[in-house]
file model31.cif (mmCIF, C-alpha atoms)
data_run
#
loop_
_atom_site.label_atom_id
_atom_site.label_comp_id
_atom_site.auth_asym_id
_atom_site.auth_seq_id
_atom_site.Cartn_x
_atom_site.Cartn_y
_atom_site.Cartn_z
CA MET A 1 116.13 97.08 110.10
CA GLY A 2 118.05 94.31 111.79
CA ARG A 3 119.31 90.80 111.37
CA THR A 4 116.29 89.58 109.52
CA SER A 5 116.31 92.19 106.80
CA PHE A 6 120.04 91.84 106.26
CA ASP A 7 119.66 88.05 106.10
CA LEU A 8 117.18 88.51 103.27
CA VAL A 9 119.42 90.97 101.44
CA GLU A 10 122.66 89.04 101.85
CA PRO A 11 122.11 86.38 99.14
CA HIS A 12 121.84 89.17 96.56
CA ILE A 13 125.16 90.82 97.40
CA PRO A 14 127.28 88.79 94.94
CA SER A 15 125.11 89.71 91.95
CA LEU A 16 124.80 93.35 93.05
CA ARG A 17 128.59 93.47 93.29
CA ARG A 18 129.01 91.87 89.89
CA TYR A 19 126.69 94.39 88.28
CA ALA A 20 128.43 97.27 90.07
CA LEU A 21 131.86 95.96 89.06
CA VAL A 22 130.93 95.79 85.40
CA LEU A 23 129.15 99.16 85.48
CA LEU A 24 132.21 100.75 87.07
CA ARG A 25 134.60 98.94 84.75
CA GLN A 26 136.20 96.80 87.41
CA ASP A 27 136.99 99.62 89.85
CA GLU A 28 136.58 97.43 92.93
CA GLN A 29 136.58 100.17 95.54
CA ARG A 30 133.97 102.22 93.75
CA ALA A 31 131.89 99.13 93.09
CA ASP A 32 131.95 98.12 96.75
CA ASP A 33 131.09 101.68 97.79
CA LEU A 34 128.16 101.62 95.38
CA VAL A 35 126.87 98.31 96.72
CA GLN A 36 127.37 99.52 100.28
CA ASP A 37 125.39 102.67 99.56
CA CYS A 38 122.69 100.53 98.00
CA LEU A 39 122.48 98.23 101.03
CA VAL A 40 122.44 101.13 103.47
CA ARG A 41 119.57 102.72 101.60
CA ALA A 42 117.70 99.45 101.32
CA LEU A 43 118.03 98.67 105.02
CA SER A 44 117.13 102.19 106.07
CA ARG A 45 114.03 102.07 103.85
CA TRP A 46 113.12 98.54 104.67
CA HIS A 47 109.55 99.58 105.47
CA LEU A 48 109.13 100.63 101.82
CA TRP A 49 109.80 97.16 100.52
CA ARG A 50 106.55 95.32 100.04
CA HIS A 51 106.57 91.67 100.97
CA PRO A 52 106.23 89.57 98.90
CA GLY A 53 107.72 91.99 96.40
CA ASN A 54 110.66 91.23 94.19
CA LEU A 55 113.51 91.97 96.60
CA ARG A 56 116.25 91.43 94.04
CA GLY A 57 114.58 93.82 91.59
CA TRP A 58 114.09 96.38 94.32
CA LEU A 59 117.78 96.22 95.30
CA PHE A 60 118.85 96.61 91.69
CA THR A 61 116.49 99.57 91.34
CA ILE A 62 118.11 101.27 94.32
CA LEU A 63 121.59 100.54 92.98
CA HIS A 64 120.61 101.78 89.53
CA ASN A 65 119.29 105.06 90.91
CA ILE A 66 122.38 105.71 93.00
CA TYR A 67 124.57 104.97 90.00
CA VAL A 68 122.58 107.20 87.67
CA ASN A 69 122.09 110.08 90.09
CA ASP A 70 125.37 110.22 91.92
CA VAL A 71 128.02 108.03 90.44
CA ALA A 72 127.84 108.14 86.66
CA ARG A 73 128.18 111.92 86.68
CA ALA A 74 131.38 111.73 88.68
CA VAL A 75 132.96 108.84 86.81
CA ALA A 76 134.39 109.97 83.53
CA ARG A 77 133.77 107.50 80.75
CA PRO A 78 137.15 106.40 79.45
CA ASP A 79 137.73 106.90 75.74
CA VAL A 80 139.74 103.75 75.47
CA VAL A 81 138.73 100.68 77.41
CA GLU A 82 141.88 98.89 78.52
CA ILE A 83 140.28 95.51 78.44
CA GLN A 84 143.36 93.51 79.45
CA ASP A 85 143.18 95.15 82.86
CA TYR A 86 139.72 93.72 83.39
CA PHE A 87 138.65 90.26 84.25
CA PRO A 88 141.95 88.51 84.77
CA SER A 89 139.88 85.33 85.13
CA MET A 90 139.18 85.57 81.42
CA ALA A 91 142.78 84.61 80.67
CA VAL A 92 141.52 81.06 81.17
CA PRO A 93 139.51 80.29 78.05
CA ALA A 94 135.95 79.22 78.58
CA ASN A 95 134.84 76.00 77.01
CA GLN A 96 132.35 76.87 74.33
CA VAL A 97 133.22 80.39 73.38
CA HIS A 98 136.74 81.31 72.46
CA SER A 99 138.38 83.60 75.03
CA ILE A 100 139.32 86.15 72.38
CA GLN A 101 135.69 86.51 71.46
CA LEU A 102 134.78 86.91 75.14
CA ARG A 103 137.25 89.76 75.44
CA GLU A 104 135.89 91.43 72.35
CA VAL A 105 132.33 91.09 73.56
CA VAL A 106 133.23 92.60 76.94
CA LYS A 107 135.16 95.40 75.28
CA ALA A 108 132.26 96.16 72.95
CA ILE A 109 129.78 96.18 75.86
CA GLN A 110 131.98 98.59 77.79
CA GLY A 111 131.98 100.89 74.77
CA LEU A 112 128.17 101.19 74.77
CA SER A 113 126.26 104.16 76.16
CA ASP A 114 125.23 103.71 79.79
CA PRO A 115 121.51 103.10 79.08
CA GLN A 116 122.29 100.44 76.44
CA ARG A 117 124.96 98.85 78.63
CA GLN A 118 122.65 98.70 81.64
CA THR A 119 119.79 97.20 79.64
CA LEU A 120 121.97 94.56 78.01
CA LEU A 121 123.60 93.60 81.32
CA LEU A 122 120.35 93.45 83.28
CA VAL A 123 118.69 91.23 80.69
CA THR A 124 121.61 89.04 79.70
CA MET A 125 123.99 88.94 82.65
CA GLU A 126 121.40 89.22 85.42
CA GLY A 127 118.54 87.48 83.65
CA PHE A 128 115.90 90.05 84.54
CA SER A 129 112.67 89.96 82.54
CA TYR A 130 111.97 92.84 80.17
CA ASP A 131 109.32 94.10 82.60
CA GLU A 132 111.72 94.00 85.53
CA THR A 133 114.38 95.75 83.49
CA ALA A 134 111.89 98.49 82.62
CA GLU A 135 111.05 98.83 86.30
CA ILE A 136 114.70 98.98 87.38
CA THR A 137 115.77 101.50 84.76
CA GLY A 138 112.58 103.53 85.07
CA VAL A 139 111.64 103.50 81.38
CA PRO A 140 108.76 101.98 79.36
CA ILE A 141 109.20 98.45 78.12
CA GLY A 142 109.36 99.67 74.51
CA THR A 143 112.48 101.64 75.42
CA VAL A 144 113.99 98.55 77.00
CA MET A 145 113.38 96.55 73.82
CA SER A 146 114.86 99.17 71.52
CA ARG A 147 117.89 99.68 73.79
CA LEU A 148 118.42 95.95 73.91
CA SER A 149 118.16 95.58 70.16
CA CYS A 150 120.56 98.50 69.49
CA ALA A 151 123.03 97.33 72.12
CA ARG A 152 123.16 93.80 70.74
CA ASP A 153 123.58 94.93 67.16
CA LYS A 154 126.36 97.34 68.14
CA VAL A 155 128.20 94.67 70.05
CA ARG A 156 127.77 92.28 67.15
CA GLU A 157 129.11 94.80 64.63
CA GLU A 158 131.98 95.72 66.92
CA VAL A 159 133.02 92.11 67.42
CA ALA A 160 132.67 91.33 63.72
CA GLY A 161 134.80 94.37 62.85
CA GLU A 162 137.51 93.35 65.32
CA THR A 163 137.59 89.82 64.01
CA LYS A 164 137.85 91.02 60.43
CA SER A 165 140.70 93.44 61.13
CA ARG A 166 142.56 90.82 63.12
CA GLY A 167 142.14 88.40 60.25
CA ARG A 168 143.58 90.96 57.84
CA SER A 169 146.62 91.77 59.96
CA ALA A 170 147.37 88.06 60.40
CA THR A 171 147.64 87.43 56.68
CA MET B 1 108.98 81.38 51.08
CA SER B 2 106.44 80.71 53.72
CA ASN B 3 103.70 83.28 53.54
CA GLU B 4 101.51 81.92 56.32
CA ILE B 5 103.87 83.01 59.07
CA THR B 6 103.89 86.65 60.07
CA GLU B 7 107.31 88.20 59.94
CA PRO B 8 108.59 88.45 63.52
CA ARG B 9 108.67 91.83 65.19
CA GLU B 10 111.98 93.09 66.54
CA ASP B 11 110.95 92.49 70.16
CA GLU B 12 110.10 88.91 69.22
CA ILE B 13 113.56 88.46 67.76
CA GLN B 14 115.05 89.66 71.06
CA ALA B 15 112.74 87.35 73.02
CA LEU B 16 113.79 84.48 70.76
CA VAL B 17 117.46 85.19 71.51
CA ASP B 18 116.63 85.27 75.23
CA ASP B 19 114.54 82.12 74.96
CA ARG B 20 111.50 83.92 76.33
CA LEU B 21 108.96 83.23 73.60
CA ASP B 22 106.05 80.90 74.04
CA PRO B 23 106.77 77.59 72.29
CA ALA B 24 104.19 78.00 69.53
CA ARG B 25 105.45 81.37 68.37
CA ARG B 26 109.00 80.25 68.80
CA ALA B 27 108.42 77.32 66.43
CA GLU B 28 106.80 79.67 63.91
CA ILE B 29 109.72 82.06 63.95
CA GLU B 30 112.26 79.27 63.80
CA SER B 31 110.62 78.00 60.64
CA TRP B 32 110.41 81.55 59.23
CA LEU B 33 114.16 81.87 59.79
CA LEU B 34 114.75 78.83 57.57
CA SER B 35 113.74 80.88 54.56
CA ASN B 36 115.33 84.11 55.78
CA PRO B 37 119.06 83.42 56.00
CA ASP B 38 120.11 87.00 56.86
CA ALA B 39 117.78 87.15 59.83
CA ALA B 40 118.86 83.62 60.78
CA ALA B 41 122.52 84.65 60.74
CA ARG B 42 121.75 87.62 62.94
CA VAL B 43 119.84 85.49 65.44
CA ALA B 44 122.68 82.98 65.56
CA GLY B 45 125.17 85.79 66.15
CA LEU B 46 123.07 87.30 68.92
CA ARG B 47 122.63 83.91 70.57
CA ALA B 48 126.40 83.39 70.57
CA GLN B 49 126.80 86.87 72.00
CA ARG B 50 124.34 86.13 74.74
CA GLU B 51 126.25 83.02 75.68
CA ALA B 52 129.52 84.96 75.63
CA VAL B 53 128.11 87.60 77.99
CA GLU B 54 126.91 84.95 80.42
CA GLN B 55 130.31 83.26 80.43
CA ALA B 56 132.42 86.40 80.50
CA PHE B 57 130.95 87.70 83.73
CA SER B 58 130.02 84.50 85.54
CA GLY B 59 133.38 84.35 87.37
CA LEU B 60 132.63 87.65 89.09
CA LEU B 61 129.92 86.00 91.18
CA ASP B 62 132.44 83.85 93.02
CA ARG B 63 134.52 86.67 94.41
CA PRO B 64 134.61 86.75 98.20
CA VAL B 65 132.41 89.48 99.66
CA PRO B 66 134.59 92.06 101.45
CA ALA B 67 134.10 92.86 105.13
CA GLN B 68 132.82 96.30 104.10
CA LEU B 69 129.63 94.60 102.89
CA GLN B 70 129.22 92.10 105.71
CA ASN B 71 129.11 94.22 108.83
CA ILE B 72 125.46 95.15 109.27
CA ASP B 73 126.08 97.58 112.14
CA ALA B 74 128.54 99.52 110.03
CA LEU B 75 126.10 99.43 107.12
CA VAL B 76 123.17 101.06 108.83
CA SER B 77 125.18 103.81 110.52
CA VAL B 78 127.78 104.39 107.85
CA GLN B 79 128.40 107.76 106.27
CA PRO B 80 128.49 107.99 102.48
CA SER B 81 131.99 107.14 101.31
CA PRO B 82 134.27 109.97 100.16
CA VAL B 83 133.78 108.97 96.53
CA TRP B 84 130.05 109.51 96.81
CA ARG B 85 130.52 112.71 98.72
CA MET B 86 132.53 114.01 95.80
CA ALA B 87 130.06 112.54 93.35
CA ALA B 88 127.10 114.05 95.16
CA MET B 89 128.82 117.40 95.22
CA ILE B 90 129.30 117.30 91.49
CA ALA B 91 125.71 116.26 91.02
CA LEU B 92 124.55 119.18 93.13
CA VAL B 93 126.55 121.61 91.03
CA VAL B 94 125.05 120.20 87.86
CA VAL B 95 121.52 120.51 89.16
CA GLY B 96 122.15 123.91 90.69
CA ALA B 97 123.45 125.29 87.44
CA ALA B 98 120.25 124.37 85.63
CA GLY B 99 117.86 126.61 87.50
CA GLY B 100 116.84 130.16 86.69
CA TRP B 101 117.43 133.18 88.89
CA PHE B 102 114.91 135.52 90.42
CA ALA B 103 111.73 133.64 89.71
CA ASN B 104 109.96 135.79 92.24
CA ASP B 105 109.62 139.32 90.87
CA ALA B 106 108.92 140.74 94.29
CA ILE B 107 112.42 139.98 95.40
CA ASN B 108 114.91 142.78 95.20
CA GLN B 109 118.16 141.75 93.58
CA SER B 110 120.20 143.51 96.26
CA GLN B 111 118.87 141.06 98.80
CA VAL B 112 120.55 138.16 97.11
CA VAL B 113 123.38 136.81 99.17
CA ALA B 114 124.86 133.94 97.25
CA THR B 115 127.27 132.37 99.67
CA ALA B 116 128.63 128.90 99.09
CA PHE B 117 126.67 127.85 102.11
CA THR B 118 123.26 128.92 100.88
CA GLN B 119 124.05 127.72 97.38
CA ASP B 120 124.79 124.26 98.73
CA ALA B 121 121.54 124.35 100.64
CA VAL B 122 119.48 125.46 97.66
CA ARG B 123 121.08 122.91 95.36
CA ALA B 124 120.41 120.14 97.83
CA HIS B 125 116.84 121.39 98.14
CA SER B 126 116.28 121.44 94.39
CA LEU B 127 117.89 118.04 93.97
CA TYR B 128 115.77 116.17 96.48
CA VAL B 129 112.53 118.04 96.82
CA GLY B 130 111.12 116.57 93.61
CA GLU B 131 112.02 112.99 94.47
CA LYS B 132 109.18 110.65 95.24
CA ARG B 133 110.81 107.45 96.42
CA HIS B 134 114.23 108.77 97.37
CA ALA B 135 113.42 112.17 98.80
CA VAL B 136 115.03 111.31 102.11
CA GLU B 137 117.64 108.88 103.28
CA VAL B 138 115.97 108.19 106.61
CA ASN B 139 112.20 108.35 106.89
CA ALA B 140 110.27 110.30 109.54
CA GLN B 141 109.11 106.98 110.98
CA GLU B 142 112.66 106.65 112.26
CA GLU B 143 112.88 110.21 113.51
CA LYS B 144 114.81 109.34 116.68
CA HIS B 145 117.42 107.45 114.75
CA LEU B 146 117.60 110.21 112.13
CA VAL B 147 118.15 112.97 114.67
CA ALA B 148 120.69 110.95 116.66
CA TRP B 149 122.58 110.03 113.52
CA LEU B 150 122.73 113.55 112.09
CA SER B 151 123.60 115.00 115.52
CA ARG B 152 126.51 112.62 115.77
CA ARG B 153 127.73 113.44 112.28
CA LEU B 154 127.48 117.19 112.81
CA GLN B 155 128.89 116.88 116.34
CA ASN B 156 126.06 118.97 117.69
CA GLU B 157 122.68 118.33 119.25
CA LEU B 158 120.15 118.70 116.43
CA VAL B 159 116.37 118.57 116.54
CA ALA B 160 113.87 117.92 113.80
CA PRO B 161 111.75 120.98 114.49
CA ASP B 162 108.01 120.51 114.94
CA LEU B 163 106.39 122.69 112.27
CA SER B 164 102.94 121.15 112.49
CA ALA B 165 101.52 124.47 113.73
CA GLN B 166 102.55 125.86 110.34
CA GLY B 167 101.01 122.87 108.57
CA TYR B 168 104.24 120.98 107.83
CA GLN B 169 105.05 117.40 108.74
CA LEU B 170 108.52 115.86 108.78
CA VAL B 171 109.24 113.65 105.75
CA GLY B 172 112.71 112.66 106.93
CA GLY B 173 116.26 113.72 106.37
CA ARG B 174 119.64 112.97 104.97
CA LEU B 175 123.33 113.57 105.35
CA LEU B 176 124.93 115.71 102.64
CA PRO B 177 128.36 116.92 101.65
CA ALA B 178 129.09 120.51 102.59
CA SER B 179 131.63 122.56 100.74
CA VAL B 180 132.91 124.38 103.81
CA THR B 181 132.91 122.34 107.00
CA GLY B 182 132.27 118.63 107.31
CA PRO B 183 128.92 117.07 106.50
CA ALA B 184 125.59 118.86 106.39
CA ALA B 185 122.16 117.72 107.46
CA GLN B 186 118.91 118.19 105.58
CA PHE B 187 115.43 117.83 107.04
CA MET B 188 112.49 117.76 104.66
CA TYR B 189 108.93 118.75 105.53
CA GLU B 190 105.74 118.73 103.54
CA THR B 191 102.19 119.97 103.78
CA GLY B 192 99.16 117.75 103.30
CA GLY B 193 99.11 119.07 99.74
CA GLY B 194 102.65 117.82 99.12
CA GLU B 195 104.35 121.22 99.14
CA ARG B 196 107.86 120.80 100.51
CA ILE B 197 110.43 122.84 102.37
CA THR B 198 113.88 121.82 103.56
CA ILE B 199 116.08 122.87 106.44
CA TYR B 200 119.80 122.63 105.81
CA ILE B 201 122.25 122.68 108.70
CA GLU B 202 125.99 122.93 108.57
CA GLN B 203 128.73 123.44 111.13
CA ASP B 204 129.98 126.99 111.27
CA GLU B 205 133.46 127.57 112.55
CA THR B 206 133.14 131.32 112.95
CA GLY B 207 130.80 130.69 115.85
CA ARG B 208 129.17 134.08 115.36
CA GLY B 209 125.44 134.50 115.32
CA ASN B 210 123.54 136.71 112.90
CA ASP B 211 120.01 137.74 112.20
CA PHE B 212 117.83 136.23 109.48
CA GLU B 213 119.11 136.93 105.99
CA PHE B 214 116.89 136.51 102.99
CA THR B 215 118.09 135.17 99.66
CA SER B 216 116.45 133.85 96.53
CA TYR B 217 117.60 132.00 93.46
CA ASP B 218 116.95 128.88 91.42
CA GLY B 219 113.26 129.65 91.74
CA VAL B 220 113.21 129.20 95.51
CA SER B 221 113.59 131.52 98.47
CA ALA B 222 115.56 130.99 101.63
CA PHE B 223 116.26 132.45 105.03
CA TRP B 224 119.59 131.71 106.57
CA TRP B 225 121.03 132.43 110.00
CA LYS B 226 123.79 131.35 112.34
CA ASP B 227 123.64 130.44 115.97
CA GLY B 228 126.74 129.34 117.85
CA PRO B 229 128.37 126.36 116.16
CA LEU B 230 125.73 125.83 113.50
CA ALA B 231 124.47 127.65 110.42
CA TYR B 232 120.97 127.09 109.07
CA VAL B 233 119.09 127.62 105.81
CA LEU B 234 115.34 127.21 105.44
CA ILE B 235 114.26 126.88 101.81
CA GLY B 236 110.96 126.77 100.01
CA LYS B 237 108.82 128.18 97.24
CA LYS B 238 107.07 130.53 99.64
CA ASP B 239 106.74 134.24 100.00
CA ARG B 240 109.02 136.05 102.37
CA ASP B 241 106.62 136.35 105.30
CA GLN B 242 105.52 132.72 105.25
CA LEU B 243 109.12 131.60 105.05
CA LEU B 244 110.17 133.90 107.88
CA ALA B 245 107.47 132.44 110.14
CA LEU B 246 108.85 128.96 109.43
CA ALA B 247 112.42 130.12 110.01
CA ARG B 248 111.45 131.71 113.35
CA ALA B 249 109.68 128.54 114.48
CA THR B 250 112.74 126.52 113.52
CA ARG B 251 115.20 128.81 115.23
CA GLU B 252 113.20 128.83 118.45
CA GLN B 253 113.30 125.07 118.64
CA PHE B 254 117.03 124.90 118.08
CA THR B 255 117.91 127.61 120.59
CA PRO B 256 115.47 127.36 123.47
#
call {"tool": "encode", "arguments": {"input": "model31.cif", "output": "structure tokens"}}
result
Amino acid sequence: MGRTSFDLVEPHIPSLRRYALVLLRQDEQRADDLVQDCLVRALSRWHLWRHPGNLRGWLFTILHNIYVNDVARAVARPDVVEIQDYFPSMAVPANQVHSIQLREVVKAIQGLSDPQRQTLLLVTMEGFSYDETAEITGVPIGTVMSRLSCARDKVREEVAGETKSRGRSAT
Amino acid sequence: MSNEITEPREDEIQALVDDRLDPARRAEIESWLLSNPDAAARVAGLRAQREAVEQAFSGLLDRPVPAQLQNIDALVSVQPSPVWRMAAMIALVVVGAAGGWFANDAINQSQVVATAFTQDAVRAHSLYVGEKRHAVEVNAQEEKHLVAWLSRRLQNELVAPDLSAQGYQLVGGRLLPASVTGPAAQFMYETGGGERITIYIEQDETGRGNDFEFTSYDGVSAFWWKDGPLAYVLIGKKDRDQLLALARATREQFTP
């Protein structure tokens, strides 16, 4: 515990915060509390981290466990995801993908079950390998692959359905 | 139709979308997709989705990190935030509700004293005693820091009792929410064989002492007592006499 360990942890704070923010549906205070809890635990268990282990994966594992054990149970899953309240930055359309599709993708992801959401986000948003994702979420790799596959198909169906119904109401 | 190429497995499709296939297999599947338009459409859709996810959340990385996450001194001595205290409390209730009562037949039902205090202690015990990596918040290697921290939070001089004569070594401890007064402290001990007990300590505003009381539920047994400003519960899957010996040893070290 000390400067050195925090210096090693610090570069990972932005991505831990991003993951926490998305998990907690943009509730900044809760997300920052979650990351803080994660960092406190990491620093107080620094001796358990094995150099040259995967520090980023270890931090995400800690954050995942706190979320699953303590937070998810206390945070009611909203029935309706008010997507316009999230990600104000998305009002600016990205270049390649139309902003409406971005919103629909985010909305569909936030409608997934927690295990599917976590798997999809860890692989796609955070770029973890399938093995790392299995390690972080504490499940066999086969479970990671089936969660990923289901999550992606659900999001795809959801977005396709939205697009279709919007097309109908426009005509 | 190309019959030489094996139809890709579902995990290979996912790996293709994530660009994590080795080049040879990737080329094979790409050419298989040419004659399988439905699968090709799905892969194209999933690739677009992947790109959308990357873009949608990339802006979140640039947000300034709040002071809450920059101050290392605050981080290592911080108490769990109120949100987590609430969350942990709810989690304890959930776990506590899952256990069965009166696992030990030898225990007389009339001896059960189910106060909020002992329930909290037993729930915390059941929640953490089975954990391997996260059994304690602060490890026994940092015993001094642990005891100083918990003493400060409970506003009383605590000790991590030495139970080595009874065959138990300190694993570590943690700060917990208490339903009655302020935070609670938990010390965990284990034998060489990995059998664990916990000691749960909470502030007690009544300030009255009492003798050892025995209680048992959720498949574990406990002795609880009060001394001055603190109330204690010692919990384990032990018989009454063994547990009492541990409770006595603990009490002696707290009240010399």
call {"tool": "resolve_selection", "arguments": {"input": "model31.cif", "expression": "the PyMOL selection byres ((chain A) within 8 of (chain B))", "output": "number ranges by chain"}}
result
A: 2-3, 6, 13-15, 17-18, 30, 32-33, 35-37, 39-41, 43-45, 69-71, 73-74, 89-90, 94, 97, 101-103, 105-106, 124-125, 145-146, 148-149, 152-153, 156
call {"tool": "axis_aligned_box", "arguments": {"input": "model31.cif", "around": "region 36-48 of chain B", "padding_each_side": "3 Å", "output": "lines of an AutoDock Vina configuration file"}}
result
center_x = 120.9
center_y = 85.3
center_z = 63.2
size_x = 17.1
size_y = 10.6
size_z = 20.8
call {"tool": "atom_distance", "arguments": {"input": "model31.cif", "atom1": "CA of Asp227 (chain B)", "atom2": "CA of Thr250 (chain B)"}}
result
11.8 Å
call {"tool": "closest_residue", "arguments": {"input": "model31.cif", "among": "B:Thr255, B:Val129, B:Glu190, B:Arg248", "to": "Val220 (chain B)", "atoms": "all atoms listed in the file"}}
result
B:Val129
call {"tool": "atom_distance", "arguments": {"input": "model31.cif", "atom1": "CA of Ala222 (chain B)", "atom2": "CA of Thr191 (chain B)"}}
result
17.5 Å
